[in-house]
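Data file: model_3.csv. Format and content: CSV, C-alpha atoms.
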chain,number,residue,atom,x,y,z
A,1,MET,CA,117.5,165.9,-21.5
A,2,SER,CA,119.0,164.3,-18.4
A,3,MET,CA,118.5,161.1,-16.4
A,4,PHE,CA,117.4,161.4,-12.8
A,5,ALA,CA,117.5,158.6,-10.2
A,6,VAL,CA,114.3,158.2,-8.0
A,7,LYS,CA,114.6,156.3,-4.8
A,8,THR,CA,111.7,153.8,-4.2
A,9,THR,CA,110.5,151.3,-1.7
A,10,ALA,CA,112.2,148.0,-2.1
A,11,SER,CA,110.5,145.7,-4.7
A,12,GLN,CA,108.2,148.5,-5.9
A,13,GLU,CA,110.4,149.7,-8.7
A,14,GLN,CA,108.2,148.4,-11.5
A,15,THR,CA,105.1,149.8,-9.8
A,16,VAL,CA,106.6,153.3,-9.5
A,17,ALA,CA,107.9,153.2,-13.1
A,18,ASP,CA,104.4,152.3,-14.4
A,19,MET,CA,102.7,155.0,-12.3
A,20,ILE,CA,105.2,157.7,-13.5
A,21,MET,CA,104.6,156.7,-17.2
A,22,ASN,CA,100.8,156.6,-16.7
A,23,ARG,CA,100.9,160.3,-15.7
A,24,GLU,CA,101.5,161.2,-19.4
A,25,GLU,CA,103.6,164.2,-18.7
A,26,SER,CA,105.1,165.6,-21.9
A,27,GLU,CA,108.3,166.6,-20.1
A,28,ILE,CA,109.0,162.9,-19.0
A,29,HIS,CA,110.4,161.0,-21.9
A,30,ALA,CA,111.3,157.6,-20.5
A,31,VAL,CA,111.4,155.5,-17.3
A,32,LEU,CA,113.8,152.6,-16.7
A,33,ALA,CA,113.4,150.1,-13.9
A,34,PRO,CA,116.1,147.4,-14.5
A,35,ASP,CA,116.0,144.2,-12.4
A,36,SER,CA,119.7,144.6,-11.4
A,37,LEU,CA,119.1,148.1,-9.8
A,38,THR,CA,117.0,147.6,-6.6
A,39,SER,CA,115.2,150.5,-5.0
A,40,TYR,CA,115.8,152.9,-7.8
A,41,VAL,CA,114.1,154.0,-11.0
A,42,MET,CA,115.8,156.0,-13.7
A,43,VAL,CA,113.7,158.8,-15.3
A,44,GLU,CA,114.6,160.8,-18.4
A,45,ALA,CA,113.0,164.2,-18.2
A,46,ASP,CA,113.6,167.8,-19.2
A,47,ASN,CA,114.1,169.0,-15.7
A,48,VAL,CA,113.8,167.8,-12.1
A,49,ALA,CA,110.8,170.0,-11.3
A,50,VAL,CA,108.4,167.9,-13.4
A,51,ILE,CA,109.6,164.7,-11.6
A,52,GLU,CA,109.1,166.3,-8.2
A,53,ARG,CA,105.6,167.3,-9.2
A,54,VAL,CA,104.7,163.8,-10.4
A,55,LEU,CA,106.2,162.0,-7.4
A,56,GLU,CA,103.9,163.9,-5.0
A,57,GLU,CA,101.1,161.6,-6.3
A,58,VAL,CA,103.1,158.4,-6.7
A,59,PRO,CA,103.1,156.0,-3.7
A,60,HIS,CA,106.3,154.1,-3.0
A,61,ALA,CA,108.4,156.9,-4.6
A,62,ARG,CA,110.6,158.2,-1.8
A,63,SER,CA,112.9,160.9,-3.2
A,64,ILE,CA,115.0,162.1,-6.1
A,65,VAL,CA,118.8,161.5,-5.8
A,66,PRO,CA,120.6,164.8,-6.1
A,67,GLY,CA,122.4,165.3,-9.4
A,68,GLU,CA,121.9,164.2,-13.0
A,69,SER,CA,123.1,161.2,-14.9
A,70,THR,CA,123.8,160.9,-18.6
A,71,ILE,CA,122.5,158.2,-21.0
A,72,SER,CA,126.0,156.8,-21.2
A,73,GLU,CA,126.0,156.1,-17.4
A,74,VAL,CA,122.8,153.9,-17.7
A,75,GLU,CA,123.5,152.5,-21.1
A,76,HIS,CA,124.6,149.1,-19.7
A,77,PHE,CA,121.1,148.6,-18.3
A,78,LEU,CA,119.6,148.8,-21.8
A,79,SER,CA,121.3,145.7,-23.3
A,80,PRO,CA,120.1,142.3,-22.0
A,81,LYS,CA,122.6,140.0,-20.3
A,82,PRO,CA,122.7,136.6,-22.0
A,83,ASP,CA,121.3,133.8,-19.8
A,84,VAL,CA,124.4,131.6,-20.6
A,85,GLU,CA,126.8,134.2,-19.2
A,86,GLY,CA,128.7,132.8,-16.3
A,87,ILE,CA,128.3,129.2,-17.4
A,88,ALA,CA,131.3,127.3,-18.5
A,89,GLU,CA,131.8,123.9,-20.1
A,90,GLY,CA,132.2,121.2,-17.4
A,91,ASP,CA,130.0,123.0,-14.9
A,92,ILE,CA,127.5,121.0,-12.8
A,93,VAL,CA,124.0,122.4,-13.3
A,94,GLU,CA,120.4,121.6,-12.3
A,95,LEU,CA,117.6,121.8,-14.8
A,96,ILE,CA,114.9,124.1,-13.3
A,97,ALA,CA,112.3,123.8,-16.1
A,98,GLY,CA,111.2,121.4,-18.9
A,99,PRO,CA,110.7,117.6,-18.9
A,100,PHE,CA,114.0,117.0,-17.0
A,101,LYS,CA,113.2,119.4,-14.2
A,102,GLY,CA,115.2,118.6,-11.0
A,103,GLU,CA,117.8,116.5,-12.8
A,104,LYS,CA,121.5,117.3,-12.4
A,105,ALA,CA,123.7,117.5,-15.5
A,106,GLN,CA,127.2,118.5,-16.7
A,107,VAL,CA,127.6,121.2,-19.4
A,108,GLN,CA,129.0,119.9,-22.6
A,109,ARG,CA,128.6,122.8,-25.0
A,110,ILE,CA,127.5,126.4,-24.9
A,111,ASP,CA,125.9,128.3,-27.8
A,112,GLU,CA,125.9,132.0,-26.9
A,113,GLY,CA,124.3,133.1,-30.1
A,114,LYS,CA,121.2,131.0,-29.5
A,115,ASP,CA,121.4,131.3,-25.7
A,116,GLN,CA,121.4,127.5,-25.4
A,117,VAL,CA,123.4,125.0,-23.4
A,118,THR,CA,123.9,121.3,-24.3
A,119,VAL,CA,124.1,119.2,-21.1
A,120,GLU,CA,124.6,115.5,-20.3
A,121,LEU,CA,122.3,114.1,-17.6
A,122,TYR,CA,124.0,112.4,-14.7
A,123,GLU,CA,121.2,109.9,-13.9
A,124,ALA,CA,120.7,108.7,-17.4
A,125,THR,CA,121.7,105.1,-18.2
A,126,VAL,CA,122.8,106.1,-21.7
A,127,PRO,CA,124.6,109.5,-22.0
A,128,ILE,CA,122.3,111.6,-24.3
A,129,PRO,CA,123.1,115.2,-24.9
A,130,VAL,CA,120.1,117.5,-24.2
A,131,THR,CA,119.9,121.1,-25.4
A,132,VAL,CA,118.1,123.5,-23.2
A,133,ARG,CA,117.7,127.3,-23.0
A,134,GLY,CA,120.0,129.2,-20.8
A,135,ASP,CA,117.2,130.3,-18.4
A,136,GLN,CA,116.2,126.7,-17.7
A,137,ILE,CA,119.4,125.8,-15.8
A,138,ARG,CA,121.0,126.8,-12.5
A,139,VAL,CA,124.7,126.4,-11.9
A,140,LEU,CA,125.4,124.2,-8.8
A,141,ASP,CA,129.2,123.8,-9.1
A,142,SER,CA,131.6,125.6,-11.4
A,143,GLU,CA,135.1,124.4,-12.3
A,144,GLU,CA,136.3,128.0,-12.3
A,145,ARG,CA,136.0,128.3,-8.6
Whole structure given in structure tokens:
Amino acid sequence: MSMFAVKTTASQEQTVADMIMNREESEIHAVLAPDSLTSYVMVEADNVAVIERVLEEVPHARSIVPGESTISEVEHFLSPKPDVEGIAEGDIVELIAGPFKGEKAQVQRIDEGKDQVTVELYEATVPIPVTVRGDQIRVLDSEER
């Protein structure tokens, strides 16, 4: 089995992936539409002919990229990237969710195992450490830059 790349209309990757999987072709084994790969969907199938046949009836699917890929070439799309990746202690962040939404804070500690960040709010009269999930903050200024 090989992986084939299918070119799609921008922002329609998930729609195309769902339509391909809903066709229930026995020769198509998996469809991958990672967020970091725009305008492409990866399809695992026995051969390219079955994909060509399915794509005739799928809107927003443009073409098949010539050539095959192996599972090792797309393996990095299969493991999720931690939300705290790219955040360092001392960074200035904005909270984008939760009770402190809109507040600015400084990163004090990072727990990669739990995907959590402990921050200290700027506007607080008493510095209280607040622990939030990594997806609830946005980096405004990094000390590494």
Considering only C-alpha atoms, return as a ChimeraX atom specification whatever protein or nucleic-acid residues lie within 8 Å of Pro82 (chain A), sequence-local ones (same chain, fewer than 2 positions apart) excluded.
/A:80,84-85,112,115,134
Please provide as a list in words all residues within 12 Å of Asp35 (chain A), with the sequence filter that same-chain residues fewer than 6 positions apart are discarded (counting all atoms listed in the file).
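These residues fall inside the cut-off: Ala10, Ser11, Gln12, Glu13, Gln14, Val41, Met42, Phe77, Leu78, Pro80 and Lys81 of chain A.
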State, in Å with one decimal place, the distance from CA of Ala30 (chain A) to CA of His60 (chain A).
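Going from CA of Ala30 (chain A) over to CA of His60 (chain A), I get 18.5 Å.
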Which value, in Å to one decimal, gives the distance between CA of Ile71 (chain A) and CA of Glu56 (chain A)?
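The value is 25.2 Å.
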Hey, can you check how far CA of Ser79 (chain A) sits from CA of Asp18 (chain A)?
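Interatomic distance, CA of Ser79 (chain A) to CA of Asp18 (chain A): 20.2 Å.
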Determine, counting only C-alpha atoms, every residue of protein, DNA or RNA that lies within 12 Å of (113.1, 121.4, -18.5) in the file coordinates, then give the result as a list in words.
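Here the neighbourhood of the point contains Glu94, Leu95, Ile96, Ala97, Gly98, Pro99, Phe100, Lys101, Gly102, Glu103, Lys104, Ala105, Val117, Val119, Leu121, Val130, Thr131, Val132, Arg133, Gly134, Asp135, Gln136, Ile137 and Arg138 of chain A.
Minimum atom-to-atom distance to Asp83 (chain A), evaluated using all atoms listed in the file, belongs to A:Val139 out of A:Val139, A:Ile64, A:Ala5, A:Ile20.
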If we count only C-alpha atoms, what is near Gly90 (chain A) at a cut-off of 10 Å, once residues fewer than 2 positions away on the same chain are taken out, given as a list in words?
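After dropping sequence-adjacent residues, the list is Ile87, Ala88, Ile92, Val93, Ala105, Gln106, Val107, Gln108, Arg109, Val119, Glu120, Asp141, Ser142, Glu143 and Glu144 of chain A.
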